[in-house]
Amino acid sequence: MRMRIKMDNGYIVIIEADSTQTAVMKSWGGMMKWNKKQNWWEGLVCAELLNRLSKLIPLPKPLNAERYRLNAVQEAVDAERVRPTEDLKPFAKYPVKRNLYAHQMRAANMALLTFGLMDPAGGCSSEKVPG
């Protein structure tokens with residue numbers, strides 16, 4: 001029996017997991033939950049879950065692409081978090097009257113990255129950036 005996995009509406013759905021895979025998923029502390037009604041494992045799509053699953057089984061291409069995208073966003077957010085204050089620049093013209101403090105600019109920049117309005121590589125995404 002081979003584990004089958006898919007991404008559906010922001011959830012990872014796994015069916016036909018063997019006993020070893022089931023034991024590993026149970027050890028993740030509630031990241032994956034058993035859905036009795038549907039008879040499958042499910043968990044919210046996040047970088048941590050996809051990274052753990054990639055160590056357990058080879059992920060299908062769409063899931064692997066999502067894993068790389070989420071990891072890139074996390075790396076960009078972490079880089080913004082530790083950027084020296086003198087190197088801080090706003091990613092967009094924020095709709096505020098006063099100049100932002102460094103921590104406020106960091107937060108606004110990280111929000112644009114997290115919500116997909118700014119590409120982690122530095123350019124704007126296909127969606128419009130506010131401002």
# chains A, B, ... in the order shown; residues from 1 in each chain; ligands from 1
>>> residues_around(residues="Trp40 (chain A)", least_positions_apart="2", cutoff="10 Å", atoms="only C-alpha atoms", output="number ranges by chain")
A: 5, 13-17, 32-38, 42
>>> residues_around(residues="Ala121 (chain A)", least_positions_apart="3", cutoff="9 Å", atoms="only C-alpha atoms", output="list in words")
Ala72, Val73, Ala76, Met118 and Cys124 of chain A
>>> write_last_selection(atoms="C-alpha atoms", output="tab-separated table (two decimals), in the first residue's frame")
chain	number	residue	atom	x	y	z
A	72	ALA	CA	11.30	31.27	0.44
A	73	VAL	CA	8.69	33.49	2.10
A	76	ALA	CA	12.59	36.58	3.36
A	118	MET	CA	5.53	41.13	-2.32
A	124	CYS	CA	6.14	42.77	-6.54
>>> residues_around(residues="Met110 (chain A)", least_positions_apart="6", cutoff="8 Å", atoms="only C-alpha atoms", output="PyMOL selection string")
chain A and resi 77+80-81
>>> select_by_dssp(residues="region 12-120 of chain A", states="helix (DSSP H, G or I)", output="PDB file with N, CA and C atoms, in the first residue's frame")
ATOM      1  N   SER A  19       1.306   1.733   8.857  1.00  0.00           N
ATOM      2  CA  SER A  19       1.386   1.904  10.307  1.00  0.00           C
ATOM      3  C   SER A  19       2.596   2.734  10.729  1.00  0.00           C
ATOM      4  N   THR A  20       3.711   2.606  10.030  1.00  0.00           N
ATOM      5  CA  THR A  20       4.897   3.396  10.360  1.00  0.00           C
ATOM      6  C   THR A  20       4.651   4.869  10.077  1.00  0.00           C
ATOM      7  N   GLN A  21       4.083   5.172   8.917  1.00  0.00           N
ATOM      8  CA  GLN A  21       3.791   6.561   8.553  1.00  0.00           C
ATOM      9  C   GLN A  21       2.761   7.160   9.512  1.00  0.00           C
ATOM     10  N   THR A  22       1.773   6.368   9.899  1.00  0.00           N
ATOM     11  CA  THR A  22       0.762   6.823  10.849  1.00  0.00           C
ATOM     12  C   THR A  22       1.408   7.158  12.193  1.00  0.00           C
ATOM     13  N   ALA A  23       2.307   6.316  12.658  1.00  0.00           N
ATOM     14  CA  ALA A  23       2.986   6.567  13.935  1.00  0.00           C
ATOM     15  C   ALA A  23       3.811   7.841  13.878  1.00  0.00           C
ATOM     16  N   VAL A  24       4.478   8.065  12.760  1.00  0.00           N
ATOM     17  CA  VAL A  24       5.272   9.288  12.606  1.00  0.00           C
ATOM     18  C   VAL A  24       4.361  10.509  12.620  1.00  0.00           C
ATOM     19  N   MET A  25       3.253  10.474  11.895  1.00  0.00           N
ATOM     20  CA  MET A  25       2.337  11.615  11.855  1.00  0.00           C
ATOM     21  C   MET A  25       1.728  11.887  13.227  1.00  0.00           C
ATOM     22  N   LYS A  26       1.434  10.833  13.996  1.00  0.00           N
ATOM     23  CA  LYS A  26       0.902  11.015  15.345  1.00  0.00           C
ATOM     24  C   LYS A  26       1.922  11.694  16.250  1.00  0.00           C
ATOM     25  N   ALA A  47       4.681  25.483   5.893  1.00  0.00           N
ATOM     26  CA  ALA A  47       6.047  25.081   5.535  1.00  0.00           C
ATOM     27  C   ALA A  47       6.539  23.949   6.429  1.00  0.00           C
ATOM     28  N   GLU A  48       6.262  24.039   7.721  1.00  0.00           N
ATOM     29  CA  GLU A  48       6.746  23.010   8.650  1.00  0.00           C
ATOM     30  C   GLU A  48       6.166  21.641   8.317  1.00  0.00           C
ATOM     31  N   LEU A  49       4.861  21.582   8.056  1.00  0.00           N
ATOM     32  CA  LEU A  49       4.234  20.300   7.725  1.00  0.00           C
ATOM     33  C   LEU A  49       4.788  19.743   6.414  1.00  0.00           C
ATOM     34  N   LEU A  50       4.910  20.591   5.401  1.00  0.00           N
ATOM     35  CA  LEU A  50       5.432  20.115   4.116  1.00  0.00           C
ATOM     36  C   LEU A  50       6.882  19.667   4.240  1.00  0.00           C
ATOM     37  N   ASN A  51       7.684  20.353   5.051  1.00  0.00           N
ATOM     38  CA  ASN A  51       9.068  19.931   5.265  1.00  0.00           C
ATOM     39  C   ASN A  51       9.133  18.572   5.962  1.00  0.00           C
ATOM     40  N   ARG A  52       8.268  18.373   6.944  1.00  0.00           N
ATOM     41  CA  ARG A  52       8.240  17.080   7.639  1.00  0.00           C
ATOM     42  C   ARG A  52       7.775  15.964   6.705  1.00  0.00           C
ATOM     43  N   LEU A  53       6.742  16.240   5.922  1.00  0.00           N
ATOM     44  CA  LEU A  53       6.243  15.232   4.989  1.00  0.00           C
ATOM     45  C   LEU A  53       7.284  14.885   3.926  1.00  0.00           C
ATOM     46  N   SER A  54       8.077  15.868   3.511  1.00  0.00           N
ATOM     47  CA  SER A  54       9.091  15.603   2.482  1.00  0.00           C
ATOM     48  C   SER A  54      10.167  14.649   2.988  1.00  0.00           C
ATOM     49  N   LYS A  55      10.351  14.610   4.296  1.00  0.00           N
ATOM     50  CA  LYS A  55      11.312  13.655   4.874  1.00  0.00           C
ATOM     51  C   LYS A  55      10.700  12.266   5.002  1.00  0.00           C
ATOM     52  N   LEU A  56       9.370  12.220   5.038  1.00  0.00           N
ATOM     53  CA  LEU A  56       8.663  10.947   5.193  1.00  0.00           C
ATOM     54  C   LEU A  56       8.420  10.261   3.854  1.00  0.00           C
ATOM     55  N   LYS A  61       4.929  17.040  -7.327  1.00  0.00           N
ATOM     56  CA  LYS A  61       5.488  18.318  -7.788  1.00  0.00           C
ATOM     57  C   LYS A  61       4.732  19.546  -7.275  1.00  0.00           C
ATOM     58  N   PRO A  62       3.385  19.574  -7.317  1.00  0.00           N
ATOM     59  CA  PRO A  62       2.691  20.781  -6.822  1.00  0.00           C
ATOM     60  C   PRO A  62       2.943  21.034  -5.330  1.00  0.00           C
ATOM     61  N   LEU A  63       2.987  19.977  -4.539  1.00  0.00           N
ATOM     62  CA  LEU A  63       3.245  20.134  -3.107  1.00  0.00           C
ATOM     63  C   LEU A  63       4.682  20.574  -2.865  1.00  0.00           C
ATOM     64  N   ASN A  64       5.611  20.029  -3.639  1.00  0.00           N
ATOM     65  CA  ASN A  64       7.009  20.404  -3.488  1.00  0.00           C
ATOM     66  C   ASN A  64       7.212  21.865  -3.887  1.00  0.00           C
ATOM     67  N   ALA A  65       6.524  22.303  -4.934  1.00  0.00           N
ATOM     68  CA  ALA A  65       6.607  23.702  -5.351  1.00  0.00           C
ATOM     69  C   ALA A  65       6.064  24.619  -4.254  1.00  0.00           C
ATOM     70  N   GLU A  66       4.970  24.240  -3.630  1.00  0.00           N
ATOM     71  CA  GLU A  66       4.393  25.024  -2.533  1.00  0.00           C
ATOM     72  C   GLU A  66       5.341  25.052  -1.342  1.00  0.00           C
ATOM     73  N   ARG A  67       6.005  23.933  -1.077  1.00  0.00           N
ATOM     74  CA  ARG A  67       6.985  23.867   0.014  1.00  0.00           C
ATOM     75  C   ARG A  67       8.122  24.848  -0.237  1.00  0.00           C
ATOM     76  N   TYR A  68       8.659  24.874  -1.451  1.00  0.00           N
ATOM     77  CA  TYR A  68       9.734  25.806  -1.777  1.00  0.00           C
ATOM     78  C   TYR A  68       9.265  27.257  -1.686  1.00  0.00           C
ATOM     79  N   ARG A  69       8.042  27.532  -2.125  1.00  0.00           N
ATOM     80  CA  ARG A  69       7.502  28.892  -2.051  1.00  0.00           C
ATOM     81  C   ARG A  69       7.364  29.342  -0.607  1.00  0.00           C
ATOM     82  N   LEU A  70       6.793  28.481   0.238  1.00  0.00           N
ATOM     83  CA  LEU A  70       6.607  28.834   1.645  1.00  0.00           C
ATOM     84  C   LEU A  70       7.943  29.009   2.363  1.00  0.00           C
ATOM     85  N   ASN A  71       8.930  28.175   2.040  1.00  0.00           N
ATOM     86  CA  ASN A  71      10.254  28.313   2.639  1.00  0.00           C
ATOM     87  C   ASN A  71      10.916  29.617   2.197  1.00  0.00           C
ATOM     88  N   ALA A  72      10.730  30.014   0.934  1.00  0.00           N
ATOM     89  CA  ALA A  72      11.302  31.265   0.440  1.00  0.00           C
ATOM     90  C   ALA A  72      10.677  32.463   1.155  1.00  0.00           C
ATOM     91  N   VAL A  73       9.371  32.417   1.373  1.00  0.00           N
ATOM     92  CA  VAL A  73       8.692  33.492   2.098  1.00  0.00           C
ATOM     93  C   VAL A  73       9.224  33.565   3.526  1.00  0.00           C
ATOM     94  N   GLN A  74       9.375  32.412   4.178  1.00  0.00           N
ATOM     95  CA  GLN A  74       9.871  32.403   5.558  1.00  0.00           C
ATOM     96  C   GLN A  74      11.291  32.951   5.639  1.00  0.00           C
ATOM     97  N   GLU A  75      12.142  32.598   4.688  1.00  0.00           N
ATOM     98  CA  GLU A  75      13.510  33.111   4.673  1.00  0.00           C
ATOM     99  C   GLU A  75      13.523  34.622   4.472  1.00  0.00           C
ATOM    100  N   ALA A  76      12.653  35.137   3.600  1.00  0.00           N
ATOM    101  CA  ALA A  76      12.585  36.583   3.361  1.00  0.00           C
ATOM    102  C   ALA A  76      12.093  37.319   4.608  1.00  0.00           C
ATOM    103  N   VAL A  77      11.104  36.760   5.297  1.00  0.00           N
ATOM    104  CA  VAL A  77      10.595  37.364   6.533  1.00  0.00           C
ATOM    105  C   VAL A  77      11.687  37.360   7.595  1.00  0.00           C
ATOM    106  N   ASP A  78      12.404  36.253   7.726  1.00  0.00           N
ATOM    107  CA  ASP A  78      13.489  36.181   8.705  1.00  0.00           C
ATOM    108  C   ASP A  78      14.596  37.175   8.386  1.00  0.00           C
ATOM    109  N   ALA A  79      14.911  37.345   7.099  1.00  0.00           N
ATOM    110  CA  ALA A  79      15.939  38.313   6.699  1.00  0.00           C
ATOM    111  C   ALA A  79      15.499  39.731   7.049  1.00  0.00           C
ATOM    112  N   GLU A  80      14.222  40.039   6.841  1.00  0.00           N
ATOM    113  CA  GLU A  80      13.702  41.359   7.178  1.00  0.00           C
ATOM    114  C   GLU A  80      13.719  41.581   8.686  1.00  0.00           C
ATOM    115  N   ARG A  81      13.470  40.536   9.446  1.00  0.00           N
ATOM    116  CA  ARG A  81      13.436  40.625  10.904  1.00  0.00           C
ATOM    117  C   ARG A  81      14.794  41.036  11.481  1.00  0.00           C
ATOM    118  N   VAL A  82      15.889  40.584  10.875  1.00  0.00           N
ATOM    119  CA  VAL A  82      17.223  40.850  11.420  1.00  0.00           C
ATOM    120  C   VAL A  82      17.990  41.900  10.615  1.00  0.00           C
ATOM    121  N   THR A  85      18.930  48.369  11.149  1.00  0.00           N
ATOM    122  CA  THR A  85      18.024  49.513  11.033  1.00  0.00           C
ATOM    123  C   THR A  85      18.449  50.468   9.930  1.00  0.00           C
ATOM    124  N   GLU A  86      19.747  50.687   9.762  1.00  0.00           N
ATOM    125  CA  GLU A  86      20.199  51.627   8.735  1.00  0.00           C
ATOM    126  C   GLU A  86      19.947  51.116   7.316  1.00  0.00           C
ATOM    127  N   ASP A  87      19.723  49.812   7.146  1.00  0.00           N
ATOM    128  CA  ASP A  87      19.452  49.236   5.823  1.00  0.00           C
ATOM    129  C   ASP A  87      17.960  49.087   5.529  1.00  0.00           C
ATOM    130  N   ALA A 102      11.265  52.078  12.943  1.00  0.00           N
ATOM    131  CA  ALA A 102      11.914  50.904  12.343  1.00  0.00           C
ATOM    132  C   ALA A 102      11.080  49.636  12.549  1.00  0.00           C
ATOM    133  N   HIS A 103      10.569  49.425  13.770  1.00  0.00           N
ATOM    134  CA  HIS A 103       9.805  48.200  14.035  1.00  0.00           C
ATOM    135  C   HIS A 103       8.495  48.178  13.253  1.00  0.00           C
ATOM    136  N   GLN A 104       7.921  49.365  13.004  1.00  0.00           N
ATOM    137  CA  GLN A 104       6.684  49.428  12.233  1.00  0.00           C
ATOM    138  C   GLN A 104       6.946  49.133  10.753  1.00  0.00           C
ATOM    139  N   MET A 105       8.055  49.650  10.239  1.00  0.00           N
ATOM    140  CA  MET A 105       8.413  49.397   8.848  1.00  0.00           C
ATOM    141  C   MET A 105       8.721  47.911   8.633  1.00  0.00           C
ATOM    142  N   ARG A 106       9.430  47.315   9.605  1.00  0.00           N
ATOM    143  CA  ARG A 106       9.706  45.869   9.522  1.00  0.00           C
ATOM    144  C   ARG A 106       8.405  45.081   9.458  1.00  0.00           C
ATOM    145  N   ALA A 107       7.483  45.423  10.359  1.00  0.00           N
ATOM    146  CA  ALA A 107       6.207  44.706  10.427  1.00  0.00           C
ATOM    147  C   ALA A 107       5.417  44.850   9.131  1.00  0.00           C
ATOM    148  N   ALA A 108       5.386  46.060   8.592  1.00  0.00           N
ATOM    149  CA  ALA A 108       4.646  46.285   7.341  1.00  0.00           C
ATOM    150  C   ALA A 108       5.299  45.506   6.194  1.00  0.00           C
ATOM    151  N   ASN A 109       6.625  45.533   6.121  1.00  0.00           N
ATOM    152  CA  ASN A 109       7.329  44.779   5.077  1.00  0.00           C
ATOM    153  C   ASN A 109       7.091  43.280   5.222  1.00  0.00           C
ATOM    154  N   MET A 110       7.154  42.778   6.458  1.00  0.00           N
ATOM    155  CA  MET A 110       6.932  41.343   6.679  1.00  0.00           C
ATOM    156  C   MET A 110       5.497  40.949   6.353  1.00  0.00           C
ATOM    157  N   ALA A 111       4.541  41.847   6.607  1.00  0.00           N
ATOM    158  CA  ALA A 111       3.140  41.562   6.269  1.00  0.00           C
ATOM    159  C   ALA A 111       2.973  41.427   4.755  1.00  0.00           C
ATOM    160  N   LEU A 112       3.607  42.318   3.984  1.00  0.00           N
ATOM    161  CA  LEU A 112       3.524  42.219   2.521  1.00  0.00           C
ATOM    162  C   LEU A 112       4.097  40.890   2.031  1.00  0.00           C
ATOM    163  N   LEU A 113       5.206  40.462   2.628  1.00  0.00           N
ATOM    164  CA  LEU A 113       5.803  39.173   2.248  1.00  0.00           C
ATOM    165  C   LEU A 113       4.892  38.018   2.622  1.00  0.00           C
ATOM    166  N   THR A 114       4.398  38.030   3.851  1.00  0.00           N
ATOM    167  CA  THR A 114       3.591  36.922   4.366  1.00  0.00           C
ATOM    168  C   THR A 114       2.293  36.746   3.595  1.00  0.00           C
TER     169      THR A 114
END
>>> closest_residue(among="A:Ile57, A:Leu100, A:Met31, A:Val45", to="Asp18 (chain A)", atoms="only C-alpha atoms")
A:Ile57
>>> atom_distance(atom1="CA of Gly116 (chain A)", atom2="CA of Pro90 (chain A)")
15.7 Å
>>> select_by_dssp(residues="chain A", states="strand (DSSP E or B)", output="list in words")
Arg4, Ile5, Lys6, Met7, Asp8, Tyr11, Ile12, Val13, Ile14, Ile15, Lys33, Trp34, Asn35, Trp40, Trp41, Glu42, Gly43, Leu44, Met118 and Cys124 of chain A
>>> write_last_selection(atoms="N, CA, C and O atoms", output="short mmCIF file (atom, residue, chain, number, x, y, z; two decimals), in the first residue's frame")
data_model
loop_
_atom_site.label_atom_id
_atom_site.label_comp_id
_atom_site.auth_asym_id
_atom_site.auth_seq_id
_atom_site.Cartn_x
_atom_site.Cartn_y
_atom_site.Cartn_z
N ARG A 4 -1.12 8.05 -0.33
CA ARG A 4 -1.55 9.03 -1.34
C ARG A 4 -1.77 10.35 -0.64
O ARG A 4 -2.33 10.40 0.45
N ILE A 5 -1.34 11.42 -1.31
CA ILE A 5 -1.37 12.73 -0.68
C ILE A 5 -1.85 13.77 -1.70
O ILE A 5 -1.56 13.65 -2.88
N LYS A 6 -2.62 14.76 -1.21
CA LYS A 6 -3.04 15.85 -2.09
C LYS A 6 -3.25 17.11 -1.25
O LYS A 6 -3.40 17.04 -0.03
N MET A 7 -3.26 18.25 -1.95
CA MET A 7 -3.54 19.53 -1.31
C MET A 7 -4.94 19.94 -1.78
O MET A 7 -5.21 19.96 -2.97
N ASP A 8 -5.81 20.26 -0.81
CA ASP A 8 -7.20 20.58 -1.14
C ASP A 8 -7.68 21.70 -0.23
O ASP A 8 -7.78 21.52 0.99
N TYR A 11 -5.63 22.48 2.80
CA TYR A 11 -5.36 21.33 3.66
C TYR A 11 -4.54 20.29 2.90
O TYR A 11 -4.68 20.13 1.69
N ILE A 12 -3.72 19.57 3.63
CA ILE A 12 -3.05 18.39 3.12
C ILE A 12 -3.92 17.21 3.52
O ILE A 12 -4.31 17.08 4.68
N VAL A 13 -4.24 16.38 2.56
CA VAL A 13 -5.06 15.19 2.82
C VAL A 13 -4.23 13.96 2.48
O VAL A 13 -3.64 13.89 1.40
N ILE A 14 -4.18 13.01 3.41
CA ILE A 14 -3.39 11.79 3.22
C ILE A 14 -4.29 10.59 3.46
O ILE A 14 -4.96 10.49 4.49
N ILE A 15 -4.28 9.67 2.48
CA ILE A 15 -5.01 8.41 2.66
C ILE A 15 -4.04 7.26 2.43
O ILE A 15 -2.98 7.42 1.84
N LYS A 33 -4.36 15.48 11.78
CA LYS A 33 -5.45 14.92 12.58
C LYS A 33 -6.21 13.90 11.76
O LYS A 33 -6.37 14.05 10.55
N TRP A 34 -6.71 12.88 12.42
CA TRP A 34 -7.50 11.84 11.77
C TRP A 34 -8.93 12.32 11.62
O TRP A 34 -9.58 12.73 12.58
N ASN A 35 -9.44 12.30 10.41
CA ASN A 35 -10.83 12.66 10.12
C ASN A 35 -11.61 11.36 10.01
O ASN A 35 -11.52 10.65 9.01
N TRP A 40 -9.43 9.76 6.64
CA TRP A 40 -8.12 10.18 6.16
C TRP A 40 -7.46 11.10 7.17
O TRP A 40 -8.08 11.58 8.10
N TRP A 41 -6.17 11.34 6.96
CA TRP A 41 -5.40 12.29 7.76
C TRP A 41 -5.47 13.64 7.06
O TRP A 41 -5.43 13.71 5.85
N GLU A 42 -5.55 14.73 7.87
CA GLU A 42 -5.56 16.06 7.29
C GLU A 42 -4.84 17.04 8.20
O GLU A 42 -4.77 16.85 9.41
N GLY A 43 -4.28 18.07 7.57
CA GLY A 43 -3.59 19.12 8.31
C GLY A 43 -3.50 20.37 7.45
O GLY A 43 -3.52 20.29 6.22
N LEU A 44 -3.40 21.52 8.09
CA LEU A 44 -3.28 22.79 7.37
C LEU A 44 -1.95 22.85 6.64
O LEU A 44 -0.92 22.47 7.18
N MET A 118 4.17 40.84 -1.91
CA MET A 118 5.53 41.13 -2.32
C MET A 118 6.24 39.81 -2.55
O MET A 118 6.11 38.88 -1.75
N CYS A 124 7.56 42.85 -6.88
CA CYS A 124 6.14 42.77 -6.54
C CYS A 124 5.54 41.50 -7.13
O CYS A 124 5.97 41.03 -8.17
#
